[in-house]
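Engineer: This is the content of target02.txt (compact mmCIF, C-alpha atoms and all ligand atoms):
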# COMPACT_ATOMS: atom_id res chain seq x y z
CA MET A 1 -1.95 20.46 1.57
CA ILE A 2 -4.71 19.75 -0.90
CA LYS A 3 -3.92 20.93 -4.39
CA GLU A 4 -7.23 20.20 -6.13
CA LYS A 5 -5.36 19.74 -9.38
CA ILE A 6 -8.03 17.80 -11.19
CA HIS A 7 -11.77 18.06 -10.94
CA ASN A 8 -13.89 15.26 -12.19
CA THR A 9 -15.98 16.25 -15.15
CA LEU A 10 -19.22 15.11 -13.53
CA THR A 11 -21.91 17.44 -12.25
CA SER A 12 -23.11 17.16 -8.67
CA LYS A 13 -26.30 15.51 -9.93
CA GLU A 14 -24.24 12.92 -11.79
CA VAL A 15 -22.19 12.21 -8.67
CA ILE A 16 -25.36 11.81 -6.63
CA ASP A 17 -26.99 9.61 -9.28
CA ARG A 18 -23.92 7.40 -9.41
CA TYR A 19 -22.91 7.13 -5.76
CA PHE A 20 -26.12 7.70 -3.77
CA PRO A 21 -27.39 4.08 -3.74
CA GLU A 22 -24.16 2.54 -2.40
CA ASN A 23 -23.70 5.26 0.20
CA ARG A 24 -27.34 5.09 1.28
CA ALA A 25 -26.76 1.38 1.91
CA LYS A 26 -23.60 2.13 3.93
CA LEU A 27 -25.48 4.67 6.07
CA ILE A 28 -28.27 2.21 6.87
CA ASP A 29 -25.65 -0.46 7.69
CA LEU A 30 -24.12 1.99 10.15
CA ALA A 31 -27.49 2.69 11.78
CA ALA A 32 -28.20 -1.03 12.05
CA PHE A 33 -24.76 -1.51 13.67
CA PHE A 34 -25.73 0.94 16.45
CA ASP A 35 -29.17 -0.68 16.81
CA ARG A 36 -27.45 -4.07 17.15
CA MET A 37 -25.27 -2.66 19.89
CA ASP A 38 -28.38 -1.47 21.75
CA ARG A 39 -29.68 -5.03 21.85
CA THR A 40 -26.55 -6.47 23.51
CA SER A 41 -26.86 -7.72 27.07
CA ASP A 42 -24.50 -4.98 28.29
CA SER A 43 -25.26 -2.19 25.82
CA HIS A 44 -24.39 0.47 28.44
CA ALA A 45 -20.76 -0.71 28.33
CA ALA A 46 -20.33 -0.07 24.61
CA GLY A 47 -19.91 3.68 25.02
CA SER A 48 -16.66 3.27 26.95
CA ASP A 49 -14.98 1.15 24.27
CA TYR A 50 -12.08 3.17 22.76
CA ARG A 51 -13.06 2.14 19.23
CA LEU A 52 -16.61 3.42 19.60
CA THR A 53 -15.42 6.62 21.26
CA ALA A 54 -13.32 7.31 18.18
CA PHE A 55 -16.22 6.28 15.98
CA PHE A 56 -18.58 8.85 17.53
CA GLU A 57 -15.92 11.54 17.28
CA ALA A 58 -15.52 10.68 13.60
CA LEU A 59 -19.28 10.90 12.99
CA ASN A 60 -19.21 14.62 13.85
CA ILE A 61 -16.87 15.23 10.94
CA LEU A 62 -19.42 13.93 8.45
CA SER A 63 -21.70 16.88 9.02
CA ASP A 64 -19.25 19.70 9.77
CA GLY A 65 -19.12 20.95 6.19
CA GLU A 66 -15.30 21.18 6.12
CA ALA A 67 -12.98 19.64 3.49
CA ASN A 68 -10.91 16.44 3.67
CA ARG A 69 -13.41 14.51 5.79
CA ALA A 70 -11.79 11.15 4.95
CA GLY A 71 -8.33 12.34 5.97
CA ARG A 72 -9.57 13.89 9.20
CA ILE A 73 -11.50 10.74 10.16
CA LEU A 74 -8.40 8.62 9.49
CA GLU A 75 -6.48 10.95 11.81
CA ILE A 76 -9.01 10.44 14.60
CA PHE A 77 -8.43 6.68 14.41
CA SER A 78 -4.63 7.13 14.39
CA ASP A 79 -2.13 6.48 17.18
CA LYS A 80 -0.89 9.88 18.38
CA THR A 81 1.53 8.64 21.03
CA ALA A 82 5.25 9.32 20.63
CA GLU A 83 6.77 6.38 22.51
CA LEU A 84 7.99 3.30 20.68
CA PRO A 85 7.85 -0.17 22.26
CA GLN A 86 11.16 -2.04 22.10
CA SER A 87 9.60 -5.12 20.54
CA ALA A 88 6.28 -6.29 19.10
CA ASP A 89 6.21 -9.17 21.62
CA GLY A 90 2.89 -8.95 23.42
CA VAL A 91 1.79 -5.93 21.35
CA LYS A 92 -1.65 -6.50 19.85
CA GLY A 93 -2.29 -6.28 16.13
CA ALA A 94 -3.99 -3.19 14.76
CA THR A 95 -7.71 -2.94 15.62
CA GLY A 96 -8.60 0.12 13.54
CA ALA A 97 -8.54 2.68 16.36
CA ALA A 98 -5.84 3.77 18.80
CA LYS A 99 -6.11 3.80 22.59
CA ASN A 100 -4.76 7.35 22.72
CA GLY A 101 -4.07 8.45 26.26
CA GLU A 102 -5.54 5.30 27.82
CA MET B 103 -5.14 -0.69 -22.80
CA LYS B 104 -2.06 -1.98 -21.03
CA TYR B 105 -1.44 -1.56 -17.31
CA ILE B 106 1.19 -2.39 -14.68
CA ASP B 107 0.45 -3.69 -11.19
CA PRO B 108 3.62 -2.56 -9.41
CA HIS B 109 2.89 -4.24 -6.06
CA ILE B 110 1.38 -7.71 -6.00
CA HIS B 111 2.30 -10.95 -4.20
CA MET B 112 1.89 -13.57 -6.90
CA VAL B 113 3.50 -16.34 -4.81
CA SER B 114 0.15 -16.31 -2.97
CA ARG B 115 -2.00 -16.33 -6.12
CA THR B 116 -3.07 -18.94 -8.65
CA THR B 117 -2.47 -19.16 -12.38
CA ASP B 118 -6.19 -18.30 -12.81
CA ASP B 119 -5.28 -14.88 -11.43
CA TYR B 120 -2.43 -14.53 -13.92
CA MET B 121 -4.89 -15.37 -16.68
CA ARG B 122 -7.51 -12.86 -15.52
CA MET B 123 -4.86 -10.15 -15.10
CA ALA B 124 -3.48 -10.82 -18.59
CA LEU B 125 -7.00 -10.64 -20.06
CA ALA B 126 -7.56 -7.32 -18.26
CA GLY B 127 -4.43 -5.83 -19.88
CA CYS B 128 -1.70 -6.46 -17.29
CA VAL B 129 1.68 -6.51 -19.03
CA CYS B 130 4.13 -6.09 -16.16
CA ILE B 131 4.24 -6.56 -12.39
CA THR B 132 6.71 -6.07 -9.57
CA GLU B 133 6.54 -8.28 -6.48
CA PRO B 134 8.00 -7.13 -3.15
CA ALA B 135 9.28 -9.61 -0.56
CA PHE B 136 6.76 -9.73 2.33
CA TRP B 137 5.42 -11.65 5.29
CA ASN B 138 3.87 -14.81 3.95
CA ALA B 139 1.24 -15.21 6.73
CA PHE B 140 3.61 -17.21 8.93
CA ASP B 141 7.03 -16.53 10.45
CA ARG B 142 9.85 -18.38 8.72
CA GLY B 143 11.97 -20.40 11.13
CA SER B 144 15.36 -19.93 9.49
CA VAL B 145 17.44 -17.97 7.02
CA HIS B 146 17.06 -20.94 4.66
CA GLY B 147 13.35 -20.20 4.49
CA PHE B 148 14.15 -16.69 3.27
CA ARG B 149 16.73 -17.96 0.79
CA ASP B 150 14.18 -20.32 -0.77
CA TYR B 151 11.66 -17.46 -0.95
CA PHE B 152 14.17 -15.13 -2.63
CA VAL B 153 15.01 -17.85 -5.17
CA GLN B 154 11.28 -18.20 -5.85
CA LEU B 155 11.02 -14.42 -6.40
CA THR B 156 14.02 -14.21 -8.71
CA GLN B 157 13.90 -17.47 -10.68
CA TYR B 158 10.62 -19.35 -10.46
CA GLU B 159 7.95 -16.64 -10.39
CA PRO B 160 9.33 -14.69 -13.40
CA ARG B 161 8.86 -17.83 -15.51
CA ARG B 162 5.33 -18.41 -14.22
CA ALA B 163 4.38 -14.81 -15.07
CA GLY B 164 6.10 -15.08 -18.44
CA LYS B 165 3.69 -17.84 -19.51
CA TYR B 166 0.93 -15.22 -19.40
CA GLY B 167 2.93 -12.59 -21.25
CA ILE B 168 3.51 -10.62 -18.05
CA GLU B 169 6.96 -9.15 -17.50
CA TYR B 170 8.04 -9.79 -13.91
CA TYR B 171 10.37 -8.02 -11.47
CA SER B 172 10.86 -8.39 -7.73
CA TRP B 173 12.11 -6.55 -4.65
CA ILE B 174 14.19 -8.23 -1.94
CA CYS B 175 14.32 -7.53 1.82
CA ILE B 176 13.30 -8.80 5.22
CA ASN B 177 9.76 -7.53 5.80
CA PRO B 178 9.01 -5.47 8.95
CA LYS B 179 6.75 -8.13 10.51
CA GLU B 180 9.66 -10.57 10.68
CA ALA B 181 12.25 -7.89 11.48
CA ASP B 182 11.40 -7.57 15.17
CA ASP B 183 14.22 -9.96 16.14
CA PRO B 184 17.31 -7.92 15.12
CA ALA B 185 19.84 -10.78 15.35
CA PHE B 186 17.74 -12.98 13.07
CA ALA B 187 16.94 -10.06 10.73
CA ARG B 188 20.68 -9.34 10.33
CA GLU B 189 21.31 -12.93 9.29
CA VAL B 190 18.69 -12.49 6.57
CA ILE B 191 20.13 -9.12 5.54
CA SER B 192 23.51 -10.78 5.07
CA ILE B 193 22.16 -12.92 2.19
CA ILE B 194 20.34 -10.06 0.42
CA PRO B 195 23.33 -8.69 -1.59
CA GLU B 196 23.69 -11.89 -3.62
CA PHE B 197 20.07 -11.53 -4.77
CA LEU B 198 20.58 -7.89 -5.72
CA GLU B 199 22.73 -9.32 -8.53
CA SER B 200 19.65 -10.93 -10.10
CA GLU B 201 18.53 -9.40 -13.38
CA ARG B 202 14.93 -9.39 -12.08
CA VAL B 203 15.49 -7.39 -8.87
CA VAL B 204 14.64 -3.68 -9.05
CA GLY B 205 15.32 -2.71 -5.44
CA ILE B 206 14.97 -3.22 -1.68
CA GLY B 207 11.40 -3.76 -0.52
CA GLU B 208 8.94 -3.77 0.94
CA ILE B 209 10.74 -2.47 4.01
CA GLY B 210 9.12 -0.30 6.64
CA LEU B 211 7.38 -0.74 9.97
CA ASN B 212 4.62 -2.98 11.27
CA LYS B 213 4.01 -2.14 14.95
CA ASN B 214 6.37 0.86 15.07
CA THR B 215 8.85 -0.82 17.43
CA LYS B 216 12.46 0.17 18.12
CA ASN B 217 13.58 -3.25 16.86
CA GLU B 218 11.75 -2.79 13.56
CA LEU B 219 13.16 0.71 13.22
CA VAL B 220 16.79 -0.33 13.64
CA ILE B 221 16.41 -3.03 10.96
CA LEU B 222 14.66 -0.50 8.71
CA GLU B 223 17.64 1.85 9.10
CA GLU B 224 20.06 -0.96 8.25
CA GLN B 225 18.12 -1.84 5.11
CA ILE B 226 17.98 1.83 4.07
CA ALA B 227 21.77 1.83 4.45
CA LEU B 228 21.95 -1.33 2.32
CA ALA B 229 19.89 0.37 -0.41
CA SER B 230 22.22 3.35 -0.27
CA GLU B 231 25.34 1.16 -0.43
CA TYR B 232 24.05 -0.84 -3.43
CA ASP B 233 22.34 2.12 -5.10
CA GLN B 234 18.90 0.48 -5.02
CA LEU B 235 15.38 1.84 -5.31
CA ILE B 236 13.30 1.48 -2.13
CA LEU B 237 9.71 0.30 -1.82
CA VAL B 238 8.18 1.08 1.58
CA HIS B 239 5.39 -0.76 3.40
CA THR B 240 3.56 1.54 5.82
CA PRO B 241 1.78 0.06 8.87
CA HIS B 242 -1.87 -0.89 9.09
CA LEU B 243 -4.83 1.15 10.31
CA GLU B 244 -4.18 3.22 13.47
CA ASP B 245 -0.41 2.63 13.19
CA LYS B 246 -0.11 4.08 9.68
CA LEU B 247 0.20 7.81 10.36
CA LYS B 248 2.84 7.50 13.08
CA GLY B 249 4.70 4.78 11.17
CA THR B 250 4.73 6.69 7.88
CA ARG B 251 6.33 9.69 9.63
CA LEU B 252 8.91 7.52 11.42
CA ILE B 253 9.82 5.86 8.13
CA MET B 254 10.22 9.18 6.28
CA ASP B 255 12.38 10.50 9.11
CA ALA B 256 14.58 7.39 8.96
CA ILE B 257 15.00 7.74 5.19
CA SER B 258 15.76 11.44 5.30
CA ALA B 259 18.37 10.77 8.02
CA ASN B 260 20.36 8.81 5.42
CA SER B 261 21.96 11.36 3.12
CA GLY B 262 22.67 8.67 0.52
CA ILE B 263 18.99 8.30 -0.39
CA ASP B 264 17.27 10.50 -2.95
CA PRO B 265 13.53 10.66 -2.06
CA ASP B 266 12.76 10.56 -5.79
CA ARG B 267 13.96 6.93 -5.72
CA VAL B 268 11.67 5.90 -2.84
CA LEU B 269 8.01 4.92 -3.16
CA ILE B 270 5.97 4.95 0.04
CA ASP B 271 3.10 2.55 -0.40
CA HIS B 272 -0.34 2.01 1.16
CA ALA B 273 -0.85 5.78 1.46
CA GLU B 274 -4.30 7.12 2.36
CA GLU B 275 -5.98 10.51 2.71
CA HIS B 276 -4.15 11.31 5.97
CA THR B 277 -0.65 10.44 4.74
CA VAL B 278 -0.47 11.12 1.01
CA SER B 279 0.01 14.87 1.26
CA GLU B 280 3.04 14.63 3.57
CA ILE B 281 4.59 11.87 1.45
CA LEU B 282 4.38 13.95 -1.74
CA ASP B 283 5.41 17.18 -0.01
CA ARG B 284 8.61 15.50 1.24
CA GLY B 285 9.54 14.50 -2.31
CA TYR B 286 8.67 10.80 -2.27
CA TRP B 287 6.43 8.85 -4.58
CA ALA B 288 3.15 7.61 -3.11
CA GLY B 289 1.42 4.29 -3.72
CA LEU B 290 -2.33 3.78 -3.34
CA THR B 291 -3.39 0.22 -2.52
CA ILE B 292 -6.91 -0.94 -3.30
CA TYR B 293 -8.31 -3.42 -0.76
CA PRO B 294 -11.89 -4.55 -0.12
CA ASN B 295 -12.01 -3.53 3.59
CA THR B 296 -8.89 -1.62 4.54
CA LYS B 297 -6.65 0.85 2.70
CA CYS B 298 -8.37 2.46 -0.36
CA THR B 299 -11.35 1.66 -2.56
CA PRO B 300 -11.17 2.44 -6.30
CA GLN B 301 -13.42 5.45 -5.66
CA ARG B 302 -11.20 6.86 -2.89
CA ALA B 303 -8.05 6.30 -4.92
CA VAL B 304 -9.51 8.38 -7.74
CA ASP B 305 -10.66 11.00 -5.20
CA ILE B 306 -7.05 11.26 -3.97
CA ILE B 307 -5.82 11.76 -7.53
CA GLU B 308 -8.38 14.55 -7.93
CA MET B 309 -7.12 16.20 -4.74
CA TYR B 310 -3.36 15.79 -5.17
CA GLY B 311 -2.88 15.51 -8.91
CA PRO B 312 -1.67 12.64 -11.12
CA ASP B 313 2.10 13.02 -10.59
CA ARG B 314 4.32 10.71 -8.52
CA ILE B 315 1.45 8.37 -7.66
CA TRP B 316 0.95 4.74 -8.58
CA ILE B 317 -1.96 2.36 -8.01
CA ASN B 318 -1.55 -1.26 -6.94
CA SER B 319 -3.54 -4.24 -5.71
CA ALA B 320 -1.01 -5.56 -3.18
CA ALA B 321 -3.01 -8.75 -3.71
CA ASP B 322 -1.79 -11.54 -1.43
CA TRP B 323 -3.15 -14.40 0.71
CA GLY B 324 -5.75 -12.21 2.47
CA ASP B 325 -8.78 -10.13 1.46
CA SER B 326 -7.50 -8.52 -1.72
CA ASP B 327 -8.25 -8.32 -5.42
CA PRO B 328 -5.71 -8.89 -8.23
CA LEU B 329 -7.93 -6.88 -10.60
CA SER B 330 -7.80 -3.73 -8.47
CA VAL B 331 -5.85 -1.66 -11.00
CA PRO B 332 -8.29 -2.26 -13.90
CA LYS B 333 -11.12 -1.42 -11.47
CA VAL B 334 -9.52 1.95 -10.78
CA ARG B 335 -9.22 2.47 -14.54
CA PHE B 336 -12.93 1.70 -14.85
CA GLU B 337 -13.74 4.20 -12.10
CA MET B 338 -11.70 6.90 -13.87
CA ARG B 339 -13.45 6.14 -17.14
CA GLN B 340 -16.84 6.41 -15.40
CA ARG B 341 -15.85 9.89 -14.25
CA GLY B 342 -14.99 10.95 -17.77
CA TYR B 343 -11.19 10.94 -17.47
CA THR B 344 -9.20 11.01 -20.69
CA ASP B 345 -7.41 7.88 -21.89
CA GLU B 346 -4.17 9.83 -21.52
CA LEU B 347 -4.72 10.45 -17.81
CA ILE B 348 -5.78 6.85 -17.14
CA GLU B 349 -2.72 5.67 -19.03
CA LYS B 350 -0.46 7.99 -17.03
CA ILE B 351 -1.61 6.77 -13.61
CA THR B 352 -1.72 3.04 -14.33
CA HIS B 353 1.07 2.60 -16.88
CA ARG B 354 3.38 5.55 -17.47
CA ASN B 355 3.89 6.54 -13.80
CA PRO B 356 5.11 3.10 -12.66
CA VAL B 357 7.41 2.95 -15.69
CA GLU B 358 8.78 6.38 -14.82
CA PHE B 359 9.55 5.37 -11.24
CA LEU B 360 10.86 1.88 -11.97
CA SER B 361 13.04 2.97 -14.88
CA GLN B 362 15.32 4.56 -12.31
CA SER B 363 16.53 1.00 -11.72
CA GLU B 364 19.00 -0.19 -14.36
CA ARG B 365 17.44 -3.65 -14.04
CA PHE B 366 14.01 -2.52 -15.22
CA HIS B 367 13.94 -3.19 -18.95
CA TYR B 368 10.21 -2.94 -19.62
CA ARG B 369 9.69 -0.80 -22.70
CA TYR B 370 6.80 1.64 -22.62
CA GLU B 371 4.91 1.69 -25.90
ZN ZN A 401 2.84 -5.94 -0.05
Please express what this file holds, its structure, as structure tokens.
Structural biologist:
Amino acid sequence: MIKEKIHNTLTSKEVIDRYFPENRAKLIDLAAFFDRMDRTSDSHAAGSDYRLTAFFEALNILSDGEANRAGRILEIFSDKTAELPQSADGVKGATGAAKNGE
Amino acid sequence: MKYIDPHIHMVSRTTDDYMRMALAGCVCITEPAFWNAFDRGSVHGFRDYFVQLTQYEPRRAGKYGIEYYSWICINPKEADDPAFAREVISIIPEFLESERVVGIGEIGLNKNTKNELVILEEQIALASEYDQLILVHTPHLEDKLKGTRLIMDAISANSGIDPDRVLIDHAEEHTVSEILDRGYWAGLTIYPNTKCTPQRAVDIIEMYGPDRIWINSAADWGDSDPLSVPKVRFEMRQRGYTDELIEKITHRNPVEFLSQSERFHYRYE
């Protein structure tokens, strides 16, 4: 539950002035990442990669106007399975997205 | 202004880092036992590491005017072989006698395996038996949410543990609310590419309030930044926070949590 106990003392214009340049750069980086994918020799295959599937799902959250976007995006990338492997032998390190249901 | 970095792995850092931290206002640190980028081959390797954490590193920090405490455990990454992990656990009690040790940590899960979980439960029991604070490492990336819940369930299953004496570290936007709601302390770790940025850490404080939260660098041998805590202070200052609030998050809160250990003698001034 979000308590919203403290608000920063900045106005929205101050937040935009301060954080727009770095976030503009991040957005263009993201666009260039997709463009780069288009230029791969097998670009059609990228869409079936579990990490990109999660990525596209997460992108929808950016523009849905609801609160806690960061938390909800982190949840999309999270492992939602209930089983536990006995050992880490042969289990891959974390990649940043889960193969839920695969 | 003084600050505490309550989670940092100085065995992996240089004296230049100690100097820069001291110049930035660091007066006290606590260092949890962790995976040192390679698996140790024997219990002797752990013993040497624990001696380093309790005898050698406090002196190195002291040369820079930084008060030093440590946490002892077998980390989750090396706890996947239960027989070996139990051998290591058997030498932990002697180090709990050290005047520099404030608790058991950082215990937790890495890949959320049954083997890791059973060793986690045994170390929770050890903390209960020796009346120690607990510092928890939560898993990376996609494993964090599931692992954080498994860890909290394992702790709450042990009636000897008061959640007020447990700090669950490396929390992010999807785990912090549950951690605080269940009565634990939450740690926010600032990393360049994973975990939190200074901006997101301050966002989380705005959303969940300044109580029962600490900020740390968890700086180690990988991509990390020993000046993370002062960078969060800078971000708070940029947003117009009062000195009192900045002081609370980066100095008074860690003192409040750590003072629950009788070994923690740092005096807040
Ligand atoms: Zn750590």
Engineer: Could you list, as a ChimeraX atom specification, every residue of chain B that has an atom within 9 Å of an atom of chain A, counting all atoms listed in the file?
Structural biologist: /B:179,182-183,212-218,241-248,274-277,279-280,283,302,305,307-312,338,341-343
Engineer: Quick one: distance from CA of Trp316 (chain B) to CA of Tyr171 (chain B) in Å, one decimal?
Structural biologist: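 Taking CA of Trp316 (chain B) and CA of Tyr171 (chain B), their separation equals 16.1 Å.
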Engineer: At what distance in Å, to one decimal, does CA of Asp255 (chain B) lie from CA of Asn295 (chain B)?
Structural biologist: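 About the pair CA of Asn295 (chain B) and CA of Asp255 (chain B): they are 28.7 Å apart.
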Engineer: Please compute the CA of Tyr166 (chain B)-CA of Ala124 (chain B) distance, one decimal, in Å.
Structural biologist: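 So the two atoms, CA of Tyr166 (chain B) and CA of Ala124 (chain B), lie 6.3 Å apart.
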Engineer: What do you get as number ranges by chain if you pick all residues at most 9 Å from ligand ZN 401 (chain A), counting all atoms listed in the file?
Structural biologist: B: 109-111, 133-137, 207-208, 238-239, 271-272, 319-322
Engineer: Hey, which of B:Asn318, B:Ser330, B:Asn138, B:Gln225 ends up closest to Asn355 (chain B)? Count all atoms listed in the file.
Structural biologist: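 Among the listed residues, B:Asn318 lies closest to Asn355 (chain B).
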Engineer: I'd like the box whose edges run along x, y and z of the file and which contains every listed atom of region 87-102 of chain A, padded by 5 Å per side; could you state its centre and edge lengths in Å, one decimal, as AutoDock Vina command-line options?
Structural biologist:
--center_x 0.5 --center_y -0.4 --center_z 20.7 --size_x 28.2 --size_y 27.6 --size_z 24.3
Engineer: Applying 12 Å and all atoms listed in the file, which residues near Val268 (chain B) remain after dropping the ones on its own chain fewer than 6 positions away? List them as an MDAnalysis selection string.
Structural biologist: chainID B and resid 204:210 226 229:230 233:239 253:254 257:258 262 281:282 284:289 314:315 359:360 362:363
Engineer: Complete the atom set of region 36-56 of chain A to N, CA, C and O atoms and return it as a PDB file, in the frame of the given file.
Structural biologist:
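The new file out_10.pdb reads:
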ATOM      1  N   ARG A  36     -27.909  -2.754  16.708  1.00  0.00           N
ATOM      2  CA  ARG A  36     -27.450  -4.070  17.150  1.00  0.00           C
ATOM      3  C   ARG A  36     -26.762  -3.962  18.509  1.00  0.00           C
ATOM      4  O   ARG A  36     -26.925  -4.794  19.391  1.00  0.00           O
ATOM      5  N   MET A  37     -25.984  -2.888  18.629  1.00  0.00           N
ATOM      6  CA  MET A  37     -25.270  -2.660  19.890  1.00  0.00           C
ATOM      7  C   MET A  37     -26.271  -2.443  21.023  1.00  0.00           C
ATOM      8  O   MET A  37     -26.069  -2.919  22.142  1.00  0.00           O
ATOM      9  N   ASP A  38     -27.361  -1.729  20.726  1.00  0.00           N
ATOM     10  CA  ASP A  38     -28.380  -1.470  21.750  1.00  0.00           C
ATOM     11  C   ASP A  38     -29.017  -2.751  22.268  1.00  0.00           C
ATOM     12  O   ASP A  38     -29.516  -2.794  23.380  1.00  0.00           O
ATOM     13  N   ARG A  39     -29.021  -3.783  21.453  1.00  0.00           N
ATOM     14  CA  ARG A  39     -29.680  -5.030  21.850  1.00  0.00           C
ATOM     15  C   ARG A  39     -28.741  -5.983  22.589  1.00  0.00           C
ATOM     16  O   ARG A  39     -29.150  -7.075  22.949  1.00  0.00           O
ATOM     17  N   THR A  40     -27.475  -5.578  22.783  1.00  0.00           N
ATOM     18  CA  THR A  40     -26.550  -6.470  23.510  1.00  0.00           C
ATOM     19  C   THR A  40     -26.942  -6.505  24.989  1.00  0.00           C
ATOM     20  O   THR A  40     -27.621  -5.597  25.493  1.00  0.00           O
ATOM     21  N   SER A  41     -26.481  -7.550  25.664  1.00  0.00           N
ATOM     22  CA  SER A  41     -26.860  -7.720  27.070  1.00  0.00           C
ATOM     23  C   SER A  41     -26.238  -6.640  27.957  1.00  0.00           C
ATOM     24  O   SER A  41     -26.712  -6.388  29.056  1.00  0.00           O
ATOM     25  N   ASP A  42     -25.155  -6.010  27.482  1.00  0.00           N
ATOM     26  CA  ASP A  42     -24.500  -4.980  28.290  1.00  0.00           C
ATOM     27  C   ASP A  42     -24.322  -3.705  27.463  1.00  0.00           C
ATOM     28  O   ASP A  42     -23.252  -3.102  27.461  1.00  0.00           O
ATOM     29  N   SER A  43     -25.376  -3.301  26.785  1.00  0.00           N
ATOM     30  CA  SER A  43     -25.260  -2.190  25.820  1.00  0.00           C
ATOM     31  C   SER A  43     -24.697  -0.922  26.460  1.00  0.00           C
ATOM     32  O   SER A  43     -24.046  -0.132  25.793  1.00  0.00           O
ATOM     33  N   HIS A  44     -24.905  -0.739  27.780  1.00  0.00           N
ATOM     34  CA  HIS A  44     -24.390   0.470  28.440  1.00  0.00           C
ATOM     35  C   HIS A  44     -22.865   0.519  28.404  1.00  0.00           C
ATOM     36  O   HIS A  44     -22.269   1.584  28.470  1.00  0.00           O
ATOM     37  N   ALA A  45     -22.221  -0.659  28.290  1.00  0.00           N
ATOM     38  CA  ALA A  45     -20.760  -0.710  28.330  1.00  0.00           C
ATOM     39  C   ALA A  45     -20.124  -0.261  27.011  1.00  0.00           C
ATOM     40  O   ALA A  45     -18.961   0.149  26.976  1.00  0.00           O
ATOM     41  N   ALA A  46     -20.897  -0.333  25.930  1.00  0.00           N
ATOM     42  CA  ALA A  46     -20.330  -0.070  24.610  1.00  0.00           C
ATOM     43  C   ALA A  46     -19.720   1.326  24.495  1.00  0.00           C
ATOM     44  O   ALA A  46     -18.683   1.516  23.858  1.00  0.00           O
ATOM     45  N   GLY A  47     -20.347   2.280  25.148  1.00  0.00           N
ATOM     46  CA  GLY A  47     -19.910   3.680  25.020  1.00  0.00           C
ATOM     47  C   GLY A  47     -18.511   3.911  25.524  1.00  0.00           C
ATOM     48  O   GLY A  47     -17.863   4.883  25.135  1.00  0.00           O
ATOM     49  N   SER A  48     -18.008   3.036  26.403  1.00  0.00           N
ATOM     50  CA  SER A  48     -16.660   3.270  26.950  1.00  0.00           C
ATOM     51  C   SER A  48     -15.584   2.557  26.134  1.00  0.00           C
ATOM     52  O   SER A  48     -14.404   2.675  26.441  1.00  0.00           O
ATOM     53  N   ASP A  49     -15.979   1.822  25.113  1.00  0.00           N
ATOM     54  CA  ASP A  49     -14.980   1.150  24.270  1.00  0.00           C
ATOM     55  C   ASP A  49     -14.233   2.196  23.440  1.00  0.00           C
ATOM     56  O   ASP A  49     -14.864   3.045  22.803  1.00  0.00           O
ATOM     57  N   TYR A  50     -12.882   2.140  23.442  1.00  0.00           N
ATOM     58  CA  TYR A  50     -12.080   3.170  22.760  1.00  0.00           C
ATOM     59  C   TYR A  50     -12.397   3.258  21.266  1.00  0.00           C
ATOM     60  O   TYR A  50     -12.306   4.319  20.654  1.00  0.00           O
ATOM     61  N   ARG A  51     -12.771   2.107  20.673  1.00  0.00           N
ATOM     62  CA  ARG A  51     -13.060   2.140  19.230  1.00  0.00           C
ATOM     63  C   ARG A  51     -14.328   2.915  18.956  1.00  0.00           C
ATOM     64  O   ARG A  51     -14.420   3.706  18.012  1.00  0.00           O
ATOM     65  N   LEU A  52     -15.345   2.705  19.817  1.00  0.00           N
ATOM     66  CA  LEU A  52     -16.610   3.420  19.600  1.00  0.00           C
ATOM     67  C   LEU A  52     -16.476   4.892  19.937  1.00  0.00           C
ATOM     68  O   LEU A  52     -17.100   5.748  19.301  1.00  0.00           O
ATOM     69  N   THR A  53     -15.652   5.208  20.938  1.00  0.00           N
ATOM     70  CA  THR A  53     -15.420   6.620  21.260  1.00  0.00           C
ATOM     71  C   THR A  53     -14.873   7.340  20.035  1.00  0.00           C
ATOM     72  O   THR A  53     -15.332   8.426  19.668  1.00  0.00           O
ATOM     73  N   ALA A  54     -13.887   6.713  19.398  1.00  0.00           N
ATOM     74  CA  ALA A  54     -13.320   7.310  18.180  1.00  0.00           C
ATOM     75  C   ALA A  54     -14.364   7.372  17.073  1.00  0.00           C
ATOM     76  O   ALA A  54     -14.446   8.358  16.328  1.00  0.00           O
ATOM     77  N   PHE A  55     -15.174   6.350  16.998  1.00  0.00           N
ATOM     78  CA  PHE A  55     -16.220   6.280  15.980  1.00  0.00           C
ATOM     79  C   PHE A  55     -17.174   7.471  16.100  1.00  0.00           C
ATOM     80  O   PHE A  55     -17.503   8.144  15.118  1.00  0.00           O
ATOM     81  N   PHE A  56     -17.627   7.738  17.328  1.00  0.00           N
ATOM     82  CA  PHE A  56     -18.580   8.850  17.530  1.00  0.00           C
ATOM     83  C   PHE A  56     -17.918  10.197  17.235  1.00  0.00           C
ATOM     84  O   PHE A  56     -18.541  11.097  16.692  1.00  0.00           O
TER      85      PHE A  56
END
